[in-house]
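Visitor: Contents of model-v1.pdb (PDB, C-alpha atoms):
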```pdb
MODEL        1
ATOM      1  CA  MET A   1     -33.666   2.477  -8.719
ATOM      2  CA  ASN A   2     -33.695   2.268 -12.507
ATOM      3  CA  ALA A   3     -37.385   3.093 -12.846
ATOM      4  CA  SER A   4     -39.713   5.300 -14.844
ATOM      5  CA  ILE A   5     -43.340   6.333 -14.464
ATOM      6  CA  TYR A   6     -43.800   5.847 -18.218
ATOM      7  CA  ARG A   7     -42.985   2.107 -18.312
ATOM      8  CA  ASP A   8     -44.543  -1.028 -16.847
ATOM      9  CA  SER A   9     -41.661  -3.199 -15.669
ATOM     10  CA  LYS A  10     -41.558  -4.566 -12.110
ATOM     11  CA  GLN A  11     -39.244  -1.828 -10.856
ATOM     12  CA  ASP A  12     -41.433   0.791 -12.533
ATOM     13  CA  LYS A  13     -44.466  -0.481 -10.622
ATOM     14  CA  ASP A  14     -42.438  -0.568  -7.386
ATOM     15  CA  PHE A  15     -41.414   3.024  -8.009
ATOM     16  CA  ARG A  16     -45.000   4.171  -8.522
ATOM     17  CA  ASP A  17     -46.069   2.271  -5.388
ATOM     18  CA  PHE A  18     -43.263   3.944  -3.437
ATOM     19  CA  ILE A  19     -44.479   7.374  -4.555
ATOM     20  CA  LYS A  20     -48.060   6.565  -3.623
ATOM     21  CA  GLU A  21     -47.309   4.950  -0.247
ATOM     22  CA  ASN A  22     -45.161   7.894   0.871
ATOM     23  CA  ASN A  23     -47.548  10.560  -0.448
ATOM     24  CA  LEU A  24     -44.888  12.002  -2.746
ATOM     25  CA  LEU A  25     -45.402  14.168  -5.797
ATOM     26  CA  ILE A  26     -43.653  14.638  -9.115
ATOM     27  CA  PRO A  27     -43.740  18.355  -9.984
ATOM     28  CA  PRO A  28     -46.003  19.124 -12.965
ATOM     29  CA  SER A  29     -43.115  20.945 -14.660
ATOM     30  CA  CYS A  30     -41.063  17.737 -14.665
ATOM     31  CA  GLY A  31     -42.103  16.963 -18.233
ATOM     32  CA  LYS A  32     -41.186  13.914 -20.304
ATOM     33  CA  THR A  33     -37.689  14.904 -21.451
ATOM     34  CA  PHE A  34     -35.316  11.934 -21.487
ATOM     35  CA  THR A  35     -32.655  11.901 -18.764
ATOM     36  CA  PHE A  36     -30.883   8.619 -19.578
ATOM     37  CA  TYR A  37     -29.034   7.767 -22.799
ATOM     38  CA  HIS A  38     -27.619   4.271 -23.159
ATOM     39  CA  TYR A  39     -24.105   3.731 -24.494
ATOM     40  CA  ASN A  40     -25.518   1.772 -27.430
ATOM     41  CA  GLY A  41     -26.817   5.067 -28.837
ATOM     42  CA  ARG A  42     -30.379   3.769 -29.239
ATOM     43  CA  ASP A  43     -32.076   3.308 -25.876
ATOM     44  CA  THR A  44     -33.315   6.338 -23.953
ATOM     45  CA  SER A  45     -35.666   6.829 -21.020
ATOM     46  CA  LYS A  46     -36.632   9.147 -18.195
ATOM     47  CA  ILE A  47     -35.451   7.571 -14.947
ATOM     48  CA  ASP A  48     -34.209  10.595 -12.950
ATOM     49  CA  TYR A  49     -36.678  12.442 -10.743
ATOM     50  CA  VAL A  50     -36.800  14.948  -7.914
ATOM     51  CA  LEU A  51     -39.796  14.179  -5.688
ATOM     52  CA  GLU A  52     -41.534  16.404  -3.158
ATOM     53  CA  SER A  53     -43.953  15.802  -0.298
ATOM     54  CA  LYS A  54     -45.767  19.080  -0.935
ATOM     55  CA  SER A  55     -45.675  21.675  -3.671
ATOM     56  CA  VAL A  56     -42.439  23.575  -2.952
ATOM     57  CA  ILE A  57     -40.527  23.283  -6.259
ATOM     58  CA  SER A  58     -41.175  26.303  -8.465
ATOM     59  CA  ASN A  59     -38.905  25.357 -11.358
ATOM     60  CA  TYR A  60     -37.925  21.925 -12.695
ATOM     61  CA  LEU A  61     -35.428  21.829 -15.554
ATOM     62  CA  THR A  62     -33.804  18.899 -17.350
ATOM     63  CA  PHE A  63     -30.640  20.038 -19.098
ATOM     64  CA  ILE A  64     -30.331  19.534 -22.843
ATOM     65  CA  ARG A  65     -27.962  16.747 -23.873
ATOM     66  CA  GLU A  66     -24.485  18.054 -24.734
ATOM     67  CA  SER A  67     -21.586  16.336 -26.467
ATOM     68  CA  THR A  68     -19.241  17.218 -23.593
ATOM     69  CA  ASN A  69     -21.404  15.260 -21.146
ATOM     70  CA  THR A  70     -19.744  11.832 -20.953
ATOM     71  CA  SER A  71     -22.268  10.537 -18.406
ATOM     72  CA  THR A  72     -25.268   8.451 -19.444
ATOM     73  CA  HIS A  73     -27.478  10.787 -17.386
ATOM     74  CA  ASP A  74     -28.427  14.419 -17.888
ATOM     75  CA  PRO A  75     -28.462  16.747 -14.855
ATOM     76  CA  ILE A  76     -31.669  18.106 -13.346
ATOM     77  CA  LEU A  77     -32.054  21.548 -11.783
ATOM     78  CA  THR A  78     -34.853  22.409  -9.370
ATOM     79  CA  THR A  79     -35.608  25.724  -7.692
ATOM     80  CA  ILE A  80     -37.197  26.139  -4.264
ATOM     81  CA  PRO A  81     -38.074  29.747  -3.339
ATOM     82  CA  CYS A  82     -36.995  30.632   0.171
ATOM     83  CA  ASN A  83     -35.660  33.515   2.214
ATOM     84  CA  ILE A  84     -32.281  32.934   3.840
ATOM     85  CA  GLN A  85     -31.338  35.378   6.547
ATOM     86  CA  ALA A  86     -27.650  35.590   7.381
ATOM     87  CA  ASN A  87     -26.797  35.288  11.044
ATOM     88  CA  GLU A  88     -24.971  38.166  12.669
ATOM     89  CA  GLU A  89     -21.261  37.558  13.022
ATOM     90  CA  THR A  90     -19.995  37.091  16.533
ATOM     91  CA  ASN A  91     -16.539  37.288  17.981
ATOM     92  CA  SER A  92     -16.752  33.758  19.295
ATOM     93  CA  LEU A  93     -15.049  31.205  17.097
ATOM     94  CA  ILE A  94     -17.015  28.077  16.231
ATOM     95  CA  GLU A  95     -14.777  25.091  15.651
ATOM     96  CA  ASN A  96     -16.222  22.549  13.212
ATOM     97  CA  LYS A  97     -14.410  19.243  13.372
ATOM     98  CA  ARG A  98     -14.870  16.617  10.693
ATOM     99  CA  ILE A  99     -16.521  13.510  12.079
ATOM    100  CA  ASN A 100     -14.416  10.355  11.961
ATOM    101  CA  TRP A 101     -17.108   7.801  11.121
ATOM    102  CA  ASN A 102     -14.727   4.927  11.873
ATOM    103  CA  LYS A 103     -15.003   5.895  15.549
ATOM    104  CA  VAL A 104     -18.799   6.271  15.588
ATOM    105  CA  ASP A 105     -20.943   3.501  17.060
ATOM    106  CA  LYS A 106     -23.298   3.018  14.096
ATOM    107  CA  THR A 107     -25.991   1.199  16.095
ATOM    108  CA  ALA A 108     -26.071   3.836  18.819
ATOM    109  CA  TYR A 109     -26.042   6.570  16.170
ATOM    110  CA  GLN A 110     -29.056   5.061  14.398
ATOM    111  CA  GLU A 111     -30.998   4.814  17.662
ATOM    112  CA  GLU A 112     -30.068   8.380  18.598
ATOM    113  CA  ILE A 113     -31.168   9.702  15.200
ATOM    114  CA  GLU A 114     -34.458   7.797  15.275
ATOM    115  CA  ASN A 115     -35.287   9.097  18.757
ATOM    116  CA  LYS A 116     -34.569  12.716  17.865
ATOM    117  CA  LEU A 117     -36.282  12.597  14.484
ATOM    118  CA  SER A 118     -39.443  10.952  15.786
ATOM    119  CA  THR A 119     -40.719  14.251  17.182
ATOM    120  CA  TRP A 120     -38.857  16.481  14.723
ATOM    121  CA  THR A 121     -40.519  14.964  11.640
ATOM    122  CA  ASP A 122     -43.976  15.453  13.167
ATOM    123  CA  GLU A 123     -43.186  19.121  13.654
ATOM    124  CA  ILE A 124     -41.887  19.385  10.081
ATOM    125  CA  ASN A 125     -45.082  17.948   8.628
ATOM    126  CA  LEU A 126     -47.128  20.522  10.511
ATOM    127  CA  ASN A 127     -44.996  23.654  10.348
ATOM    128  CA  LEU A 128     -42.864  23.479   7.180
ATOM    129  CA  THR A 129     -43.126  26.673   5.118
ATOM    130  CA  PHE A 130     -41.111  28.397   2.419
ATOM    131  CA  ASP A 131     -39.682  30.803   4.978
ATOM    132  CA  ASN A 132     -38.422  28.268   7.523
ATOM    133  CA  ILE A 133     -36.902  25.693   5.137
ATOM    134  CA  PRO A 134     -33.305  26.952   5.756
ATOM    135  CA  ASP A 135     -33.830  26.801   9.531
ATOM    136  CA  LYS A 136     -35.202  23.275   9.346
ATOM    137  CA  ILE A 137     -32.261  22.140   7.215
ATOM    138  CA  ASN A 138     -29.870  23.592   9.800
ATOM    139  CA  GLU A 139     -31.776  21.815  12.564
ATOM    140  CA  LEU A 140     -31.464  18.503  10.732
ATOM    141  CA  CYS A 141     -27.722  18.988  10.190
ATOM    142  CA  THR A 142     -27.294  19.847  13.868
ATOM    143  CA  ILE A 143     -29.180  16.728  14.938
ATOM    144  CA  MET A 144     -26.981  14.544  12.743
ATOM    145  CA  ALA A 145     -23.733  16.186  13.884
ATOM    146  CA  THR A 146     -24.500  16.159  17.609
ATOM    147  CA  SER A 147     -25.704  12.561  17.443
ATOM    148  CA  ALA A 148     -22.510  11.474  15.701
ATOM    149  CA  SER A 149     -20.356  13.298  18.256
ATOM    150  CA  LYS A 150     -22.290  11.745  21.113
ATOM    151  CA  CYS A 151     -21.811   8.233  19.708
ATOM    152  CA  SER A 152     -18.147   8.705  18.845
ATOM    153  CA  ARG A 153     -15.649   6.494  20.643
ATOM    154  CA  SER A 154     -12.850   8.778  21.733
ATOM    155  CA  LYS A 155      -9.473   7.201  22.349
ATOM    156  CA  ARG A 156      -7.638   7.803  25.563
ATOM    157  CA  SER A 157      -5.046  10.460  25.192
ATOM    158  CA  LYS A 158      -1.545   9.079  25.280
ATOM    159  CA  SER A 159       0.619  10.185  28.154
ATOM    160  CA  LYS A 160       2.877  12.999  27.149
ATOM    161  CA  ARG A 161       6.578  12.422  27.071
ATOM    162  CA  LEU A 162       8.567  13.992  29.822
ATOM    163  CA  LYS A 163      10.098  17.218  28.676
ATOM    164  CA  LYS A 164      13.831  17.548  28.905
ATOM    165  CA  LYS A 165      15.020  19.880  31.579
ATOM    166  CA  PRO A 166      16.432  23.057  30.044
ATOM    167  CA  TRP A 167      20.170  23.567  30.202
ATOM    168  CA  THR A 168      21.676  26.445  32.072
ATOM    169  CA  PRO A 169      23.047  29.303  29.942
ATOM    170  CA  GLU A 170      26.584  28.142  30.767
ATOM    171  CA  LEU A 171      25.935  24.633  29.442
ATOM    172  CA  GLU A 172      24.198  25.986  26.340
ATOM    173  CA  ASN A 173      27.199  28.202  25.577
ATOM    174  CA  MET A 174      29.676  25.372  26.190
ATOM    175  CA  ALA A 175      27.726  23.046  23.881
ATOM    176  CA  LYS A 176      27.717  25.683  21.130
ATOM    177  CA  ILE A 177      31.486  26.227  21.399
ATOM    178  CA  ASN A 178      32.020  22.462  21.386
ATOM    179  CA  ARG A 179      29.992  22.098  18.178
ATOM    180  CA  ASP A 180      31.964  24.876  16.512
ATOM    181  CA  HIS A 181      35.332  23.324  17.436
ATOM    182  CA  PHE A 182      34.186  19.899  16.295
ATOM    183  CA  ALA A 183      33.070  21.293  12.931
ATOM    184  CA  LYS A 184      36.446  22.978  12.389
ATOM    185  CA  TRP A 185      38.351  19.838  13.448
ATOM    186  CA  LYS A 186      36.247  17.683  11.101
ATOM    187  CA  ALA A 187      36.717  20.120   8.191
ATOM    188  CA  ALA A 188      40.501  19.979   8.715
ATOM    189  CA  GLY A 189      40.525  16.218   8.151
ATOM    190  CA  ARG A 190      40.250  15.116  11.792
ATOM    191  CA  PRO A 191      43.901  15.651  12.785
ATOM    192  CA  THR A 192      45.212  13.527  15.689
ATOM    193  CA  ASP A 193      48.494  15.351  16.278
ATOM    194  CA  LYS A 194      48.519  16.464  19.909
ATOM    195  CA  SER A 195      50.309  19.681  18.939
ATOM    196  CA  ASN A 196      47.451  20.659  16.591
ATOM    197  CA  ILE A 197      45.348  23.452  18.114
ATOM    198  CA  LEU A 198      42.119  22.025  16.657
ATOM    199  CA  PHE A 199      42.819  18.644  18.228
ATOM    200  CA  GLN A 200      43.668  20.327  21.528
ATOM    201  CA  ASN A 201      40.375  22.262  21.519
ATOM    202  CA  ILE A 202      38.410  19.075  20.896
ATOM    203  CA  GLN A 203      40.200  17.263  23.714
ATOM    204  CA  PHE A 204      39.709  20.192  26.080
ATOM    205  CA  PHE A 205      35.958  20.414  25.614
ATOM    206  CA  PHE A 206      35.482  16.635  25.622
ATOM    207  CA  ASN A 207      37.309  16.451  28.938
ATOM    208  CA  ALA A 208      35.379  19.433  30.294
ATOM    209  CA  LYS A 209      32.105  17.831  29.281
ATOM    210  CA  ALA A 210      33.082  14.541  30.897
ATOM    211  CA  THR A 211      33.841  16.232  34.192
TER     212      THR A 211
ENDMDL
END
```
Please express what this file holds, its structure, as structure tokens.
Guide:
Amino acid sequence: MNASIYRDSKQDKDFRDFIKENNLLIPPSCGKTFTFYHYNGRDTSKIDYVLESKSVISNYLTFIRESTNTSTHDPILTTIPCNIQANEETNSLIENKRINWNKVDKTAYQEEIENKLSTWTDEINLNLTFDNIPDKINELCTIMATSASKCSRSKRSKSKRLKKKPWTPELENMAKINRDHFAKWKAAGRPTDKSNILFQNIQFFFNAKAT
């Protein structure tokens, strides 16, 4: 939404109503620094925000405009203090497969997400703290991943081709000798004289193979 809290256009009013209806906050340290610079070189405004439902952002910084920034927007950096505790490594391997969204039933996925989040969001509103933010983010990612996997349409595995029966050592050796003789006969210009030893070897192994 191209909206600002410092203007009075229709989308600006909709933006302020959205903030109010959802009980959101703009951090006090947000400031009034412009974040958007139009290509015409004249028009500027502040239309980029990071909102919060409770006071968790400790630092809110809008980067100074630089000549190397070819975008019309300036980046924003926010800091949320939290303690992240690394999990102990285990010997078990966890296989993370990328979800193929083309195979996911979107309607079923939406229903699954809504059902799981209905109770999860209530718990978040009551128990969210600085210390458990990483855990709650992991829980949300797990809910999304498991729901997508559950609603994925897996294709039936194709029947495997029948494997060729292995040759006996005698046949393997005969085939190797046959290939060697054929290579020598071909390199010699494919002679057809019956007295030629290369031609005789080819005929011998062809006849042996046929029998």
Visitor: The residues within 12 Å of (-25.0, 6.6, -26.8), using all atoms listed in the file and the coordinates of the file, should be reported as a list in words; which are they?
Guide: Phe36, Tyr37, His38, Tyr39, Asn40, Gly41, Arg42, Asp43, Thr44, Arg65, Glu66, Ser67, Asn69, Thr70, Ser71, Thr72 and His73 of chain A
Visitor: To verify the selection step, state as a ChimeraX atom specification which residues the PyMOL selection byres ((chain A and resi 6-14) around 12) yields on this input.
Guide: /A:1-5,15-21,31-34,44-48
Visitor: Select, from A:Asn201, A:Thr78, A:Asn83, A:Asn138, the residue with the minimum atom-to-atom distance to Phe63 (chain A), counting all atoms listed in the file.
Guide: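 Residue with the minimum atom-to-atom distance to Phe63 (chain A): A:Thr78.
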Visitor: Looking at A:Thr68, A:Asn100, A:Gln85, A:Thr62, which one is nearest to Asn132 (chain A), with distances taken over all atoms listed in the file?
Guide: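 Of all the options, A:Gln85 lies closest to Asn132 (chain A).
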Visitor: So how many Å separate CA of Val56 (chain A) and CA of Ile137 (chain A), to one decimal?
Guide: 14.5 Å
Visitor: Would you translate the PyMOL selection byres ((chain A and resi 134) around 12) into the concrete set of residues it matches in this file, as a list in words?
Guide: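 On this input, the PyMOL selection byres ((chain A and resi 134) around 12) captures Ile80, Pro81, Cys82, Asn83, Ile84, Gln85, Ala86, Asn87, Leu128, Thr129, Phe130, Asp131, Asn132, Ile133, Asp135, Lys136, Ile137, Asn138, Glu139, Leu140 and Cys141 of chain A.
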Visitor: Output as JSON the centre and edge lengths (Å, one decimal) of the box along x, y and z of the file that holds every listed atom of region 135-140 of chain A after adding 8 Å on each side.
Guide:
```
{"center_x": -32.5, "center_y": 22.7, "center_z": 9.9, "size_x": 21.3, "size_y": 24.3, "size_z": 21.3}
```
